[in-house]
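Student: What follows is input_20.csv, made up of CSV, C-alpha atoms (C1' of nucleotides):
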```csv
chain,number,residue,atom,x,y,z
A,20,MET,CA,-78.6,-62.7,-50.3
A,21,PRO,CA,-80.5,-64.1,-52.6
A,22,GLU,CA,-79.3,-67.0,-54.4
A,23,ARG,CA,-78.3,-66.6,-57.8
A,24,ALA,CA,-80.3,-69.2,-59.5
A,25,ASP,CA,-77.6,-71.3,-61.0
A,26,PHE,CA,-77.8,-70.8,-64.7
A,27,ALA,CA,-77.3,-74.5,-65.1
A,28,GLU,CA,-80.2,-75.3,-62.9
A,29,ARG,CA,-82.5,-73.1,-65.0
A,30,VAL,CA,-81.4,-74.8,-68.2
A,31,LEU,CA,-82.0,-78.3,-66.7
A,32,ALA,CA,-85.4,-77.2,-65.4
A,33,ALA,CA,-86.4,-75.8,-68.8
A,34,VAL,CA,-85.4,-79.0,-70.5
A,35,GLU,CA,-87.3,-81.1,-68.0
A,36,ALA,CA,-90.4,-79.0,-68.7
A,37,ILE,CA,-90.5,-80.0,-72.4
A,38,PRO,CA,-93.5,-82.4,-72.8
A,39,ALA,CA,-92.9,-85.8,-74.4
A,40,GLY,CA,-93.2,-85.7,-78.1
A,41,ARG,CA,-92.3,-82.1,-78.3
A,42,VAL,CA,-89.0,-80.3,-78.9
A,43,MET,CA,-87.2,-77.0,-78.4
A,44,THR,CA,-84.1,-75.5,-80.0
A,45,TYR,CA,-81.1,-74.6,-77.9
A,46,GLY,CA,-82.0,-71.0,-78.5
A,47,ASP,CA,-85.5,-71.5,-77.2
A,48,VAL,CA,-84.2,-73.2,-74.1
A,49,ALA,CA,-81.8,-70.4,-73.5
A,50,GLU,CA,-84.5,-67.8,-73.8
A,51,TYR,CA,-86.9,-69.8,-71.6
A,52,ALA,CA,-84.1,-70.2,-69.0
A,53,GLY,CA,-83.3,-66.5,-69.2
A,54,ILE,CA,-79.8,-66.7,-70.6
A,55,ARG,CA,-78.5,-65.2,-73.7
A,56,SER,CA,-76.2,-67.8,-75.1
A,57,PRO,CA,-77.6,-70.9,-76.8
A,58,ARG,CA,-74.0,-72.3,-76.6
A,59,SER,CA,-74.2,-72.3,-72.9
A,60,VAL,CA,-77.2,-74.6,-73.1
A,61,GLY,CA,-75.1,-77.2,-74.9
A,62,GLN,CA,-72.3,-76.8,-72.3
A,63,VAL,CA,-74.7,-77.6,-69.5
A,64,LEU,CA,-76.2,-80.6,-71.2
A,65,ALA,CA,-72.8,-81.9,-72.1
A,66,ALA,CA,-71.9,-81.8,-68.4
A,67,ASP,CA,-75.1,-82.7,-66.7
A,68,GLY,CA,-77.6,-83.6,-69.4
A,69,GLY,CA,-77.9,-87.2,-68.3
A,70,THR,CA,-80.5,-86.3,-65.8
A,71,VAL,CA,-82.9,-84.6,-68.2
A,72,PRO,CA,-84.6,-85.4,-71.5
A,73,TRP,CA,-81.8,-83.8,-73.5
A,74,HIS,CA,-83.0,-85.6,-76.7
A,75,ARG,CA,-85.9,-83.1,-76.9
A,76,VAL,CA,-83.4,-80.2,-77.6
A,77,LEU,CA,-82.5,-79.7,-81.3
A,78,ARG,CA,-80.6,-77.2,-83.4
A,79,HIS,CA,-82.5,-74.3,-84.8
A,80,ASP,CA,-82.9,-76.0,-88.2
A,81,GLY,CA,-84.1,-79.3,-86.8
A,82,SER,CA,-80.8,-81.1,-87.2
A,83,MET,CA,-78.6,-82.5,-84.4
A,84,ALA,CA,-74.9,-82.8,-83.4
A,85,PRO,CA,-73.1,-85.8,-84.9
A,86,HIS,CA,-72.0,-87.6,-81.8
A,87,ILE,CA,-75.6,-87.9,-80.4
A,88,ARG,CA,-77.5,-88.0,-83.7
A,89,ASP,CA,-78.4,-91.7,-83.6
A,90,GLU,CA,-79.4,-91.9,-80.0
A,91,GLN,CA,-81.4,-88.7,-80.2
A,92,ARG,CA,-83.2,-89.7,-83.3
A,93,ALA,CA,-84.1,-93.1,-81.8
A,94,ARG,CA,-85.5,-91.6,-78.6
A,95,LEU,CA,-87.6,-89.0,-80.4
A,96,ARG,CA,-89.0,-91.5,-82.8
A,97,ALA,CA,-90.1,-93.5,-79.8
A,98,GLU,CA,-92.1,-90.5,-78.7
A,99,GLY,CA,-93.8,-90.2,-82.0
A,100,VAL,CA,-91.7,-87.5,-83.6
A,101,ARG,CA,-91.5,-87.8,-87.4
A,102,PHE,CA,-88.3,-87.0,-89.3
A,103,HIS,CA,-87.8,-86.0,-92.9
A,104,GLY,CA,-84.9,-86.0,-95.3
A,105,GLN,CA,-83.4,-89.0,-96.9
A,106,ARG,CA,-81.5,-89.9,-93.8
A,107,SER,CA,-84.0,-88.5,-91.4
A,108,GLU,CA,-81.5,-85.9,-90.4
A,109,ARG,CA,-84.0,-83.3,-89.5
A,110,VAL,CA,-87.1,-82.9,-87.3
A,111,ASP,CA,-90.1,-81.0,-88.6
A,112,LEU,CA,-89.8,-78.1,-86.1
A,113,THR,CA,-92.9,-76.4,-87.4
A,114,ALA,CA,-94.9,-79.3,-86.1
A,115,TYR,CA,-93.2,-80.3,-82.9
A,116,ARG,CA,-91.6,-77.1,-81.6
A,117,TRP,CA,-92.9,-76.4,-78.1
A,118,ASP,CA,-93.9,-72.8,-77.3
A,119,GLY,CA,-93.2,-73.2,-73.6
A,120,VAL,CA,-96.8,-72.6,-72.6
A,121,SER,CA,-99.2,-75.3,-73.7
A,122,THR,CA,-98.8,-78.4,-71.5
A,123,SER,CA,-99.9,-81.1,-73.9
A,124,ALA,CA,-99.1,-82.2,-77.3
A,125,GLU,CA,-100.7,-80.1,-80.0
B,25,DA,C1',-56.1,-62.5,-66.2
B,26,DT,C1',-55.9,-64.5,-71.2
B,27,DG,C1',-56.8,-68.0,-74.7
B,28,DT,C1',-59.3,-72.1,-76.3
B,29,DT,C1',-63.3,-74.9,-76.8
B,30,DG,C1',-68.1,-76.1,-77.6
B,31,DA,C1',-74.6,-80.9,-78.1
B,32,DC,C1',-75.5,-72.9,-81.2
B,33,DA,C1',-77.6,-68.8,-83.9
B,34,DC,C1',-77.5,-65.4,-87.5
B,35,DC,C1',-76.0,-63.2,-91.7
B,36,DG,C1',-73.7,-62.7,-96.2
B,37,DG,C1',-72.1,-64.7,-100.6
C,11,DT,C1',-78.6,-75.3,-100.2
C,12,DC,C1',-74.0,-75.1,-98.6
C,13,DC,C1',-69.9,-72.8,-96.5
C,14,DG,C1',-67.5,-69.5,-93.8
C,15,DG,C1',-67.1,-65.7,-90.4
C,16,DT,C1',-68.9,-63.5,-86.2
C,17,DG,C1',-71.3,-63.0,-81.8
C,18,DC,C1',-72.3,-65.4,-77.7
C,19,DC,C1',-71.1,-67.0,-72.7
C,20,DA,C1',-69.5,-70.5,-69.2
C,21,DA,C1',-65.9,-73.9,-68.1
C,22,DC,C1',-61.3,-75.0,-68.1
C,23,DA,C1',-56.0,-75.0,-68.6
```
If you took the structure in this file and wrote it as structure tokens, what would it be?
Tutor:
Amino acid sequence: MPERADFAERVLAAVEAIPAGRVMTYGDVAEYAGIRSPRSVGQVLAADGGTVPWHRVLRHDGSMAPHIRDEQRARLRAEGVRFHGQRSERVDLTAYRWDGVSTSAE
DNA sequence: ATGTTGACACCGG
DNA sequence: TCCGGTGCCAACA
């Protein structure tokens, strides 16, 4: 039988599908990949995220984890994503969140 | 098998 | 808005 699509593979595929200049939350990626735990998404990226645009995945409130905050912010900015807050701690999800369907920015 | 950890989400106060 | 507890699920010791 059939292979059991590695859940990690699906997560990576979902992240790779995010268009440049767009973002998704961990929860969105989990749903898109067909799994029920957003935490598992982070687990996968922590282990094998180097091969995908992990910087396009944010928390549900537009903030990001401390150890990757700087790198992630720099990369997103380079793609045209605007931040807000005094220290640019958050991304405006309402403007950049990708629905998983449209294939181009906006 | 059991317990801990983690790049999270949701809810109550 | 911020803080804390709970649910979640795979990896690891």
Student: In Å, with one decimal, what is the gap from CA of Asp67 in chain A to C1' of DG17 in chain C?
Tutor: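 These two atoms are separated by 25.1 Å.
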Student: Calculated over only C-alpha atoms (C1' of nucleotides), which of the candidates A:Arg29, A:Ser59, A:Pro38, A:Arg78 has the smallest distance to DC19 in chain C?
Tutor: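 Checking each candidate against DC19 in chain C, we get A:Ser59 as the closest.
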Student: Val76 in chain A: which residues within 8 Å, counting only C-alpha atoms (C1' of nucleotides), same-chain residues fewer than 6 positions away excluded, as a ChimeraX atom specification?
Tutor: /A:34,42-45,48
Student: Please produce an output containing C-alpha atoms for each residue in the selection, written as a PDB file, in the frame of the given file.
Tutor:
```pdb
ATOM      1  CA  VAL A  34     -85.400 -79.000 -70.500  1.00  0.00           C
ATOM      2  CA  VAL A  42     -89.000 -80.300 -78.900  1.00  0.00           C
ATOM      3  CA  MET A  43     -87.200 -77.000 -78.400  1.00  0.00           C
ATOM      4  CA  THR A  44     -84.100 -75.500 -80.000  1.00  0.00           C
ATOM      5  CA  TYR A  45     -81.100 -74.600 -77.900  1.00  0.00           C
ATOM      6  CA  VAL A  48     -84.200 -73.200 -74.100  1.00  0.00           C
TER       7      VAL A  48
END
```
Student: If I take CA of Arg116 in chain A and CA of Arg101 in chain A, how far is one from the other in Å, to one decimal?
Tutor: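 CA of Arg101 in chain A lies at a distance of 12.2 Å from CA of Arg116 in chain A.
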Student: Could you list, with a cut-off of 9 Å and counting only C-alpha atoms (C1' of nucleotides), the residues of chain A near chain B, each shown with its nearest atom pair and the distance in Å rounded to one decimal, rows sorted by chain and ascending number, as a tab-separated table?
Tutor:
```
residue	atom	partner	partner_atom	distance
A:Tyr45	CA	B:DC32	C1'	6.7
A:Gly46	CA	B:DC32	C1'	7.3
A:Ser56	CA	B:DC32	C1'	8.0
A:Pro57	CA	B:DC32	C1'	5.3
A:Arg58	CA	B:DC32	C1'	4.9
A:Ser59	CA	B:DC32	C1'	8.4
A:Val60	CA	B:DC32	C1'	8.4
A:Gly61	CA	B:DA31	C1'	4.9
A:Gln62	CA	B:DG30	C1'	6.8
A:Leu64	CA	B:DA31	C1'	7.1
A:Ala65	CA	B:DA31	C1'	6.3
A:Val76	CA	B:DA31	C1'	8.8
A:Leu77	CA	B:DA31	C1'	8.6
A:Arg78	CA	B:DC32	C1'	7.0
A:His79	CA	B:DA33	C1'	7.4
A:Met83	CA	B:DA31	C1'	7.6
A:Ala84	CA	B:DA31	C1'	5.6
A:Pro85	CA	B:DA31	C1'	8.5
A:His86	CA	B:DA31	C1'	8.1
A:Ile87	CA	B:DA31	C1'	7.4
```
Student: Write the selection just made, keeping C-alpha atoms, as a short mmCIF file (atom, residue, chain, number, x, y, z; two decimals), in the coordinates of the input?
Tutor:
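The new file selection36.cif reads:
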```cif
data_model
loop_
_atom_site.label_atom_id
_atom_site.label_comp_id
_atom_site.auth_asym_id
_atom_site.auth_seq_id
_atom_site.Cartn_x
_atom_site.Cartn_y
_atom_site.Cartn_z
CA TYR A 45 -81.10 -74.60 -77.90
CA GLY A 46 -82.00 -71.00 -78.50
CA SER A 56 -76.20 -67.80 -75.10
CA PRO A 57 -77.60 -70.90 -76.80
CA ARG A 58 -74.00 -72.30 -76.60
CA SER A 59 -74.20 -72.30 -72.90
CA VAL A 60 -77.20 -74.60 -73.10
CA GLY A 61 -75.10 -77.20 -74.90
CA GLN A 62 -72.30 -76.80 -72.30
CA LEU A 64 -76.20 -80.60 -71.20
CA ALA A 65 -72.80 -81.90 -72.10
CA VAL A 76 -83.40 -80.20 -77.60
CA LEU A 77 -82.50 -79.70 -81.30
CA ARG A 78 -80.60 -77.20 -83.40
CA HIS A 79 -82.50 -74.30 -84.80
CA MET A 83 -78.60 -82.50 -84.40
CA ALA A 84 -74.90 -82.80 -83.40
CA PRO A 85 -73.10 -85.80 -84.90
CA HIS A 86 -72.00 -87.60 -81.80
CA ILE A 87 -75.60 -87.90 -80.40
#
```
Student: Mind giving me the straight-line distance from CA of Arg88 in chain A to CA of Arg55 in chain A in Å, one decimal?
Tutor: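 Computing it gives 24.9 Å between the two atoms.
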Student: Find the residues of chain C in contact range of chain A, meaning any atom within 9 Å when counting all atoms listed in the file, and list them as a ChimeraX atom specification.
Tutor: /C:18-21
Student: Considering all atoms listed in the file, return as a VMD selection string whatever protein or nucleic-acid residues lie within 12 Å of His103 in chain A, sequence-local ones (same chain, fewer than 6 positions apart) excluded.
Tutor: chain A and resid 81 to 82 92 96 109 to 112 114
Student: Write out as a PyMOL selection string the residues lying within 9 Å of Ala33 in chain A, counting all atoms listed in the file and excluding same-chain residues fewer than 2 positions away.
Tutor: chain A and resi 28-31+35-37+48-49+51-52+119
Student: Let's have the selection written as an mmCIF file, keeping the file's coordinate frame, with C-alpha atoms.
Tutor:
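New file out23.cif:
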```
data_model
loop_
_atom_site.group_PDB
_atom_site.id
_atom_site.type_symbol
_atom_site.label_atom_id
_atom_site.label_comp_id
_atom_site.auth_asym_id
_atom_site.auth_seq_id
_atom_site.Cartn_x
_atom_site.Cartn_y
_atom_site.Cartn_z
ATOM 1 C CA GLU A 28 -80.200 -75.300 -62.900
ATOM 2 C CA ARG A 29 -82.500 -73.100 -65.000
ATOM 3 C CA VAL A 30 -81.400 -74.800 -68.200
ATOM 4 C CA LEU A 31 -82.000 -78.300 -66.700
ATOM 5 C CA GLU A 35 -87.300 -81.100 -68.000
ATOM 6 C CA ALA A 36 -90.400 -79.000 -68.700
ATOM 7 C CA ILE A 37 -90.500 -80.000 -72.400
ATOM 8 C CA VAL A 48 -84.200 -73.200 -74.100
ATOM 9 C CA ALA A 49 -81.800 -70.400 -73.500
ATOM 10 C CA TYR A 51 -86.900 -69.800 -71.600
ATOM 11 C CA ALA A 52 -84.100 -70.200 -69.000
ATOM 12 C CA GLY A 119 -93.200 -73.200 -73.600
#
```
Student: Using the incomplete input, complete range 60-74 of chain A to the level of N, CA, C and O atoms; output as a PDB file, in the frame of the given file.
Tutor:
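Everything below was put into out.pdb:
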```
ATOM      1  N   VAL A  60     -76.206 -73.556 -73.313  1.00  0.00           N
ATOM      2  CA  VAL A  60     -77.200 -74.600 -73.100  1.00  0.00           C
ATOM      3  C   VAL A  60     -76.485 -75.959 -73.396  1.00  0.00           C
ATOM      4  O   VAL A  60     -76.574 -76.921 -72.635  1.00  0.00           O
ATOM      5  N   GLY A  61     -75.776 -75.982 -74.498  1.00  0.00           N
ATOM      6  CA  GLY A  61     -75.100 -77.200 -74.900  1.00  0.00           C
ATOM      7  C   GLY A  61     -74.011 -77.548 -73.858  1.00  0.00           C
ATOM      8  O   GLY A  61     -73.798 -78.710 -73.527  1.00  0.00           O
ATOM      9  N   GLN A  62     -73.376 -76.535 -73.316  1.00  0.00           N
ATOM     10  CA  GLN A  62     -72.300 -76.800 -72.300  1.00  0.00           C
ATOM     11  C   GLN A  62     -72.918 -77.471 -71.104  1.00  0.00           C
ATOM     12  O   GLN A  62     -72.332 -78.402 -70.562  1.00  0.00           O
ATOM     13  N   VAL A  63     -74.064 -77.011 -70.691  1.00  0.00           N
ATOM     14  CA  VAL A  63     -74.700 -77.600 -69.500  1.00  0.00           C
ATOM     15  C   VAL A  63     -75.128 -79.030 -69.765  1.00  0.00           C
ATOM     16  O   VAL A  63     -74.886 -79.915 -68.960  1.00  0.00           O
ATOM     17  N   LEU A  64     -75.765 -79.238 -70.904  1.00  0.00           N
ATOM     18  CA  LEU A  64     -76.200 -80.600 -71.200  1.00  0.00           C
ATOM     19  C   LEU A  64     -75.062 -81.558 -71.363  1.00  0.00           C
ATOM     20  O   LEU A  64     -75.166 -82.723 -70.982  1.00  0.00           O
ATOM     21  N   ALA A  65     -73.961 -81.070 -71.886  1.00  0.00           N
ATOM     22  CA  ALA A  65     -72.800 -81.900 -72.100  1.00  0.00           C
ATOM     23  C   ALA A  65     -72.275 -82.374 -70.717  1.00  0.00           C
ATOM     24  O   ALA A  65     -71.824 -83.501 -70.535  1.00  0.00           O
ATOM     25  N   ALA A  66     -72.384 -81.491 -69.729  1.00  0.00           N
ATOM     26  CA  ALA A  66     -71.900 -81.800 -68.400  1.00  0.00           C
ATOM     27  C   ALA A  66     -72.850 -82.535 -67.523  1.00  0.00           C
ATOM     28  O   ALA A  66     -72.484 -83.443 -66.782  1.00  0.00           O
ATOM     29  N   ASP A  67     -74.107 -82.162 -67.607  1.00  0.00           N
ATOM     30  CA  ASP A  67     -75.100 -82.700 -66.700  1.00  0.00           C
ATOM     31  C   ASP A  67     -76.413 -83.111 -67.370  1.00  0.00           C
ATOM     32  O   ASP A  67     -77.437 -83.183 -66.721  1.00  0.00           O
ATOM     33  N   GLY A  68     -76.374 -83.321 -68.649  1.00  0.00           N
ATOM     34  CA  GLY A  68     -77.600 -83.600 -69.400  1.00  0.00           C
ATOM     35  C   GLY A  68     -78.193 -84.976 -69.132  1.00  0.00           C
ATOM     36  O   GLY A  68     -79.339 -85.230 -69.481  1.00  0.00           O
ATOM     37  N   GLY A  69     -77.424 -85.846 -68.536  1.00  0.00           N
ATOM     38  CA  GLY A  69     -77.900 -87.200 -68.300  1.00  0.00           C
ATOM     39  C   GLY A  69     -79.120 -87.315 -67.423  1.00  0.00           C
ATOM     40  O   GLY A  69     -79.804 -88.333 -67.411  1.00  0.00           O
ATOM     41  N   THR A  70     -79.420 -86.257 -66.695  1.00  0.00           N
ATOM     42  CA  THR A  70     -80.500 -86.300 -65.800  1.00  0.00           C
ATOM     43  C   THR A  70     -81.834 -85.705 -66.337  1.00  0.00           C
ATOM     44  O   THR A  70     -82.839 -85.666 -65.661  1.00  0.00           O
ATOM     45  N   VAL A  71     -81.762 -85.227 -67.580  1.00  0.00           N
ATOM     46  CA  VAL A  71     -82.900 -84.600 -68.200  1.00  0.00           C
ATOM     47  C   VAL A  71     -83.162 -85.171 -69.602  1.00  0.00           C
ATOM     48  O   VAL A  71     -82.255 -85.759 -70.183  1.00  0.00           O
ATOM     49  N   PRO A  72     -84.353 -84.966 -70.148  1.00  0.00           N
ATOM     50  CA  PRO A  72     -84.600 -85.400 -71.500  1.00  0.00           C
ATOM     51  C   PRO A  72     -83.929 -84.553 -72.565  1.00  0.00           C
ATOM     52  O   PRO A  72     -84.571 -83.838 -73.322  1.00  0.00           O
ATOM     53  N   TRP A  73     -82.617 -84.636 -72.591  1.00  0.00           N
ATOM     54  CA  TRP A  73     -81.800 -83.800 -73.500  1.00  0.00           C
ATOM     55  C   TRP A  73     -82.140 -84.079 -74.975  1.00  0.00           C
ATOM     56  O   TRP A  73     -81.891 -83.245 -75.827  1.00  0.00           O
ATOM     57  N   HIS A  74     -82.710 -85.242 -75.273  1.00  0.00           N
ATOM     58  CA  HIS A  74     -83.000 -85.600 -76.700  1.00  0.00           C
ATOM     59  C   HIS A  74     -84.111 -84.691 -77.252  1.00  0.00           C
ATOM     60  O   HIS A  74     -84.358 -84.712 -78.443  1.00  0.00           O
TER      61      HIS A  74
END
```
